[in-house]
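Before any comments, here is the structure.
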Amino acid sequence: MNKVAVFRKEHFNAAHRLHNSEWDEATNDKVFGKCNNPHYHGHNYDLIVKVTGVPDKKTGFVMDMKVMSDLIQSEVIEKFDHKNLNEDCLEFKNLNPTAENIAVVIYNILKPKINNELDLQIRLYETERNFVEYPVT
Amino acid sequence: MVYITRIEHFNAAHKLYNPLWDREKNEAVFGKCANENWHGHNFELHVTLKGEPDEGTGFVYDAKKLSRLIKEHVTEKLDHKNLNVDVPFLTGKICSVENLVIAIWSQLNPHLPETIQLHSLKLFETPRIYVEYYGN
């Protein structure tokens with residue numbers, strides 16, 4: 001098989017808040033704590049995109065890293081960088097922008113743009129200490 | 001003389017926006033940082049004190065006490081806040097990382113004992129952008 005995983009690291013800075021509009025303020029405060037601040041807070045997100053596959057015989061690439069970088073920039077970073085995820089990004093109009101949900105959204109954006117024979121995994125750091133992965137393998 | 005540094009962090013939203021300018025000029029000067037709905041960062045603050053180690057304790061200053069002081073007077077007021085809206089000591093200021101570091105100095109320095117000198121603050125807005133301030 002000789003599968004190899006290649007990784008591209010990118011970053012974006014965004015504001016968000018964690019809030020469930022179906023709950024009252026007291027419940028939101030209890031569940032989401034200071035992350036529910038109505039005036040938002042923010043993070044430097046680090047995004048690691050992992051693509052796994054067999055290197056192409058002609059190029060030696062699993063995926064051209066420049067193509068991968070351009071794809072992440074145009075489809076993800078330009079959408080989310082220096083934005084308010086709750087207010088500015090349609091993806092989170094009805095979806096709480098937790099790190100978990102952001103990772104799933106990014107996966108769903110990128111998956112159709114990448115060769116179907118390659119496996120895709122997203123690792124998203126919300127802080128240096130909090131990070132998530134999707135899908136779980 | 002020994003320098004001791006304590007690192008703390010906070011996560012906050014802000015925007016760069018001068019209310020005396022119209023939106024067009026703000027966008028020309030501040031670019032995407034002027035986004036009216038804010039954006040945000042994981043800030044990291046390095047607080048450096050200088051002094052002679054105490055003969056009794058061996059400490060320039062108790063690092064745990066320093067951590068408590070920074071939390072009480074700085075990071076608890078900034079963490080998970082909107083710097084432009086939620087922080088009284090930043091009212092009327094443009095929330096650049098430069099202005100923020102100066103304001104943090106004013107916030108922290110009065111609470112340190114006179115025997116200790118606040119040497120510098122280093123404030124990271126991202127891992128690639130940071131400022132230093134020496135109080136002058």
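Following the order of the structure tokens, first chain is A, next is B, and so on, with residues numbered from 1 inside each chain and ligands from 1 in the order they appear.
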
* To do: Just need the residues of chain A within 7 Å of chain B, counting only C-alpha atoms, so spit them out as a PyMOL selection string.
  => chain A and resi 13-15+34-35+37+39-44+82-84+87+127

* Write out as a list in words the residues lying within 12 Å of range 20-23 of chain B, counting only C-alpha atoms and excluding same-chain residues fewer than 2 positions away. => Leu16, Tyr17, Asn18, Lys25, Asn26, Glu27, Ala28, Val29, Phe30, Gly31, Lys32, Ala34, Asn35, Glu36, Gly92, Lys93 and Ile94 of chain B

Let's have the selection written as a PDB file, in the first residue's frame, with N, CA and C atoms.
ATOM      1  N   LEU B  16      -9.787  46.916  15.328  1.00  0.00           N
ATOM      2  CA  LEU B  16      -9.017  48.155  15.251  1.00  0.00           C
ATOM      3  C   LEU B  16      -9.872  49.156  14.499  1.00  0.00           C
ATOM      4  N   TYR B  17     -10.232  50.213  15.185  1.00  0.00           N
ATOM      5  CA  TYR B  17     -11.187  51.146  14.599  1.00  0.00           C
ATOM      6  C   TYR B  17     -11.033  52.492  15.281  1.00  0.00           C
ATOM      7  N   ASN B  18     -10.806  53.522  14.509  1.00  0.00           N
ATOM      8  CA  ASN B  18     -10.726  54.879  15.050  1.00  0.00           C
ATOM      9  C   ASN B  18     -12.062  55.573  14.808  1.00  0.00           C
ATOM     10  N   LYS B  25     -12.024  54.982   5.667  1.00  0.00           N
ATOM     11  CA  LYS B  25     -10.645  55.241   6.089  1.00  0.00           C
ATOM     12  C   LYS B  25     -10.168  54.171   7.075  1.00  0.00           C
ATOM     13  N   ASN B  26     -11.057  53.732   7.982  1.00  0.00           N
ATOM     14  CA  ASN B  26     -10.676  52.672   8.905  1.00  0.00           C
ATOM     15  C   ASN B  26     -10.274  51.399   8.151  1.00  0.00           C
ATOM     16  N   GLU B  27     -11.043  51.071   7.107  1.00  0.00           N
ATOM     17  CA  GLU B  27     -10.717  49.860   6.343  1.00  0.00           C
ATOM     18  C   GLU B  27      -9.421  50.036   5.559  1.00  0.00           C
ATOM     19  N   ALA B  28      -9.183  51.280   5.089  1.00  0.00           N
ATOM     20  CA  ALA B  28      -7.941  51.537   4.352  1.00  0.00           C
ATOM     21  C   ALA B  28      -6.731  51.386   5.275  1.00  0.00           C
ATOM     22  N   VAL B  29      -6.856  51.861   6.512  1.00  0.00           N
ATOM     23  CA  VAL B  29      -5.719  51.834   7.449  1.00  0.00           C
ATOM     24  C   VAL B  29      -5.592  50.466   8.139  1.00  0.00           C
ATOM     25  N   PHE B  30      -6.704  49.946   8.633  1.00  0.00           N
ATOM     26  CA  PHE B  30      -6.650  48.745   9.480  1.00  0.00           C
ATOM     27  C   PHE B  30      -6.993  47.451   8.735  1.00  0.00           C
ATOM     28  N   GLY B  31      -7.453  47.561   7.484  1.00  0.00           N
ATOM     29  CA  GLY B  31      -7.752  46.361   6.690  1.00  0.00           C
ATOM     30  C   GLY B  31      -8.772  45.474   7.373  1.00  0.00           C
ATOM     31  N   LYS B  32      -8.518  44.170   7.323  1.00  0.00           N
ATOM     32  CA  LYS B  32      -9.499  43.216   7.872  1.00  0.00           C
ATOM     33  C   LYS B  32      -9.608  43.295   9.392  1.00  0.00           C
ATOM     34  N   ALA B  34     -10.360  45.826  10.912  1.00  0.00           N
ATOM     35  CA  ALA B  34     -11.443  46.768  11.208  1.00  0.00           C
ATOM     36  C   ALA B  34     -12.820  46.111  11.100  1.00  0.00           C
ATOM     37  N   ASN B  35     -12.861  44.814  10.784  1.00  0.00           N
ATOM     38  CA  ASN B  35     -14.154  44.104  10.644  1.00  0.00           C
ATOM     39  C   ASN B  35     -15.114  44.514  11.757  1.00  0.00           C
ATOM     40  N   GLU B  36     -16.281  45.066  11.373  1.00  0.00           N
ATOM     41  CA  GLU B  36     -17.146  45.673  12.386  1.00  0.00           C
ATOM     42  C   GLU B  36     -17.673  44.664  13.403  1.00  0.00           C
ATOM     43  N   GLY B  92     -12.193  54.217  25.298  1.00  0.00           N
ATOM     44  CA  GLY B  92     -11.673  55.382  24.571  1.00  0.00           C
ATOM     45  C   GLY B  92     -10.338  55.140  23.892  1.00  0.00           C
ATOM     46  N   LYS B  93      -9.765  53.957  24.097  1.00  0.00           N
ATOM     47  CA  LYS B  93      -8.472  53.654  23.468  1.00  0.00           C
ATOM     48  C   LYS B  93      -8.687  52.802  22.217  1.00  0.00           C
ATOM     49  N   ILE B  94      -7.828  52.977  21.241  1.00  0.00           N
ATOM     50  CA  ILE B  94      -7.816  52.053  20.105  1.00  0.00           C
ATOM     51  C   ILE B  94      -7.137  50.774  20.592  1.00  0.00           C
TER      52      ILE B  94
END

* Asked: Running DSSP on the backbone, which parts of chain B land in strand (DSSP E or B), as a PyMOL selection string?
  -> chain B and resi 2-14+39-51+81-82+117-126+129-133

* Asked: Mind pulling up the distance from CA of Val87 in chain B to CA of Pro38 in chain A?
  -> 13.7 Å

* **Which residue of A:Leu18, A:Cys89, A:Leu95, A:Val54 approaches Asn115 in chain A most closely, using only C-alpha atoms** =>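 Nearest candidate to Asn115 in chain A out of A:Leu18, A:Cys89, A:Leu95, A:Val54: A:Val54.
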
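Checking A:Pro55, A:Phe32, A:Lys9, A:Glu22 one by one against Leu118 in chain A, counting only C-alpha atoms, you find the shortest gap at A:Pro55.
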
Shell around Val76 in chain A at 12 Å using only C-alpha atoms, local window under 3 positions removed, as a JSON list (two decimals) with N, CA and C atoms, in the first residue's frame:
[["chain", "number", "residue", "atom", "x", "y", "z"],
["A", 10, "GLU", "N", -2.09, 25.85, 8.61],
["A", 10, "GLU", "CA", -2.50, 27.23, 8.32],
["A", 10, "GLU", "C", -3.09, 27.82, 9.59],
["A", 11, "HIS", "N", -3.41, 29.09, 9.56],
["A", 11, "HIS", "CA", -4.00, 29.70, 10.77],
["A", 11, "HIS", "C", -4.97, 30.81, 10.41],
["A", 12, "PHE", "N", -5.91, 31.05, 11.31],
["A", 12, "PHE", "CA", -6.83, 32.19, 11.16],
["A", 12, "PHE", "C", -7.21, 32.71, 12.54],
["A", 13, "ASN", "N", -7.55, 33.99, 12.59],
["A", 13, "ASN", "CA", -7.92, 34.63, 13.86],
["A", 13, "ASN", "C", -9.39, 35.04, 13.77],
["A", 45, "TYR", "N", -6.72, 30.51, 15.76],
["A", 45, "TYR", "CA", -6.92, 29.09, 15.42],
["A", 45, "TYR", "C", -5.76, 28.59, 14.56],
["A", 46, "ASP", "N", -5.23, 27.44, 14.91],
["A", 46, "ASP", "CA", -4.26, 26.76, 14.05],
["A", 46, "ASP", "C", -4.95, 25.55, 13.44],
["A", 47, "LEU", "N", -4.83, 25.45, 12.14],
["A", 47, "LEU", "CA", -5.51, 24.39, 11.41],
["A", 47, "LEU", "C", -4.47, 23.47, 10.77],
["A", 48, "ILE", "N", -4.58, 22.18, 11.05],
["A", 48, "ILE", "CA", -3.70, 21.22, 10.39],
["A", 48, "ILE", "C", -4.56, 20.28, 9.55],
["A", 49, "VAL", "N", -4.30, 20.32, 8.26],
["A", 49, "VAL", "CA", -5.05, 19.47, 7.33],
["A", 49, "VAL", "C", -4.16, 18.28, 6.97],
["A", 68, "MET", "N", -2.73, 22.29, -2.20],
["A", 68, "MET", "CA", -3.42, 22.12, -0.91],
["A", 68, "MET", "C", -3.48, 23.45, -0.17],
["A", 69, "SER", "N", -2.35, 24.16, -0.14],
["A", 69, "SER", "CA", -2.30, 25.45, 0.54],
["A", 69, "SER", "C", -3.26, 26.45, -0.10],
["A", 70, "ASP", "N", -3.26, 26.51, -1.43],
["A", 70, "ASP", "CA", -4.17, 27.44, -2.13],
["A", 70, "ASP", "C", -5.63, 27.11, -1.84],
["A", 71, "LEU", "N", -5.91, 25.80, -1.79],
["A", 71, "LEU", "CA", -7.28, 25.35, -1.53],
["A", 71, "LEU", "C", -7.72, 25.76, -0.12],
["A", 72, "ILE", "N", -6.86, 25.53, 0.86],
["A", 72, "ILE", "CA", -7.21, 25.89, 2.25],
["A", 72, "ILE", "C", -7.37, 27.41, 2.36],
["A", 73, "GLN", "N", -6.47, 28.15, 1.72],
["A", 73, "GLN", "CA", -6.56, 29.61, 1.77],
["A", 73, "GLN", "C", -7.88, 30.11, 1.20],
["A", 79, "LYS", "N", -12.59, 32.69, 4.32],
["A", 79, "LYS", "CA", -13.95, 32.72, 4.91],
["A", 79, "LYS", "C", -13.93, 33.10, 6.37],
["A", 80, "PHE", "N", -12.94, 32.60, 7.12],
["A", 80, "PHE", "CA", -12.99, 32.69, 8.58],
["A", 80, "PHE", "C", -12.00, 33.69, 9.20],
["A", 81, "ASP", "N", -10.96, 34.08, 8.46],
["A", 81, "ASP", "CA", -9.92, 34.91, 9.08],
["A", 81, "ASP", "C", -10.40, 36.34, 9.33],
["A", 82, "HIS", "N", -10.18, 36.82, 10.56],
["A", 82, "HIS", "CA", -10.59, 38.16, 10.97],
["A", 82, "HIS", "C", -12.11, 38.35, 10.81],
["A", 83, "LYS", "N", -12.83, 37.26, 11.12],
["A", 83, "LYS", "CA", -14.28, 37.30, 11.07],
["A", 83, "LYS", "C", -14.85, 36.97, 12.43],
["A", 85, "LEU", "N", -17.30, 34.42, 13.76],
["A", 85, "LEU", "CA", -17.85, 33.16, 13.22],
["A", 85, "LEU", "C", -19.38, 33.14, 13.34],
["A", 89, "CYS", "N", -20.31, 34.37, 9.28],
["A", 89, "CYS", "CA", -20.11, 33.13, 8.53],
["A", 89, "CYS", "C", -21.41, 32.33, 8.49],
["A", 91, "GLU", "N", -22.04, 29.45, 7.64],
["A", 91, "GLU", "CA", -21.92, 28.06, 8.12],
["A", 91, "GLU", "C", -22.38, 27.92, 9.58],
["A", 102, "ILE", "N", -16.49, 23.56, 14.14],
["A", 102, "ILE", "CA", -15.66, 24.23, 13.13],
["A", 102, "ILE", "C", -14.86, 23.19, 12.35],
["A", 103, "ALA", "N", -14.33, 22.19, 13.05],
["A", 103, "ALA", "CA", -13.54, 21.15, 12.38],
["A", 103, "ALA", "C", -14.41, 20.36, 11.39],
["A", 105, "VAL", "N", -17.14, 21.44, 9.90],
["A", 105, "VAL", "CA", -17.45, 22.35, 8.78],
["A", 105, "VAL", "C", -16.28, 22.41, 7.81],
["A", 106, "ILE", "N", -15.06, 22.54, 8.34],
["A", 106, "ILE", "CA", -13.88, 22.63, 7.47],
["A", 106, "ILE", "C", -13.71, 21.33, 6.67],
["A", 107, "TYR", "N", -13.94, 20.20, 7.33],
["A", 107, "TYR", "CA", -13.85, 18.90, 6.63],
["A", 107, "TYR", "C", -14.85, 18.86, 5.47],
["A", 108, "ASN", "N", -16.08, 19.29, 5.76],
["A", 108, "ASN", "CA", -17.13, 19.21, 4.73],
["A", 108, "ASN", "C", -16.87, 20.18, 3.58],
["A", 109, "ILE", "N", -16.18, 21.30, 3.87],
["A", 109, "ILE", "CA", -15.82, 22.23, 2.80],
["A", 109, "ILE", "C", -14.74, 21.60, 1.91],
["A", 110, "LEU", "N", -13.72, 21.01, 2.54],
["A", 110, "LEU", "CA", -12.55, 20.55, 1.77],
["A", 110, "LEU", "C", -12.76, 19.20, 1.10],
["A", 111, "LYS", "N", -13.53, 18.32, 1.72],
["A", 111, "LYS", "CA", -13.63, 16.94, 1.25],
["A", 111, "LYS", "C", -14.00, 16.85, -0.24],
["A", 113, "LYS", "N", -13.41, 18.81, -2.54],
["A", 113, "LYS", "CA", -12.42, 19.47, -3.40],
["A", 113, "LYS", "C", -11.15, 18.63, -3.55],
["A", 122, "ILE", "N", -8.97, 16.57, 9.75],
["A", 122, "ILE", "CA", -8.78, 17.95, 10.21],
["A", 122, "ILE", "C", -8.38, 17.95, 11.67]]

* Asked: How would you write, as a list of chain:residue names, the set of residues in range 9-80 of chain B that DSSP gives as helix (DSSP H, G or I)?
  -> B:Arg23, B:Glu24, B:Lys25, B:Asn26, B:Glu27, B:Ala28, B:Val29, B:Phe30, B:Gly31, B:Lys32, B:Cys33, B:Ala34, B:Ala63, B:Lys64, B:Lys65, B:Leu66, B:Ser67, B:Arg68, B:Leu69, B:Ile70, B:Lys71, B:Glu72, B:His73, B:Val74, B:Thr75, B:Glu76, B:Lys77, B:Leu78

* **Spatial neighbours of Lys50 in chain B, max dist 12 Å, only C-alpha atoms, sep filter under 3 positions, as an MDAnalysis selection string** => chainID B and resid 1:6 47 53:54 59:61 112:121 134
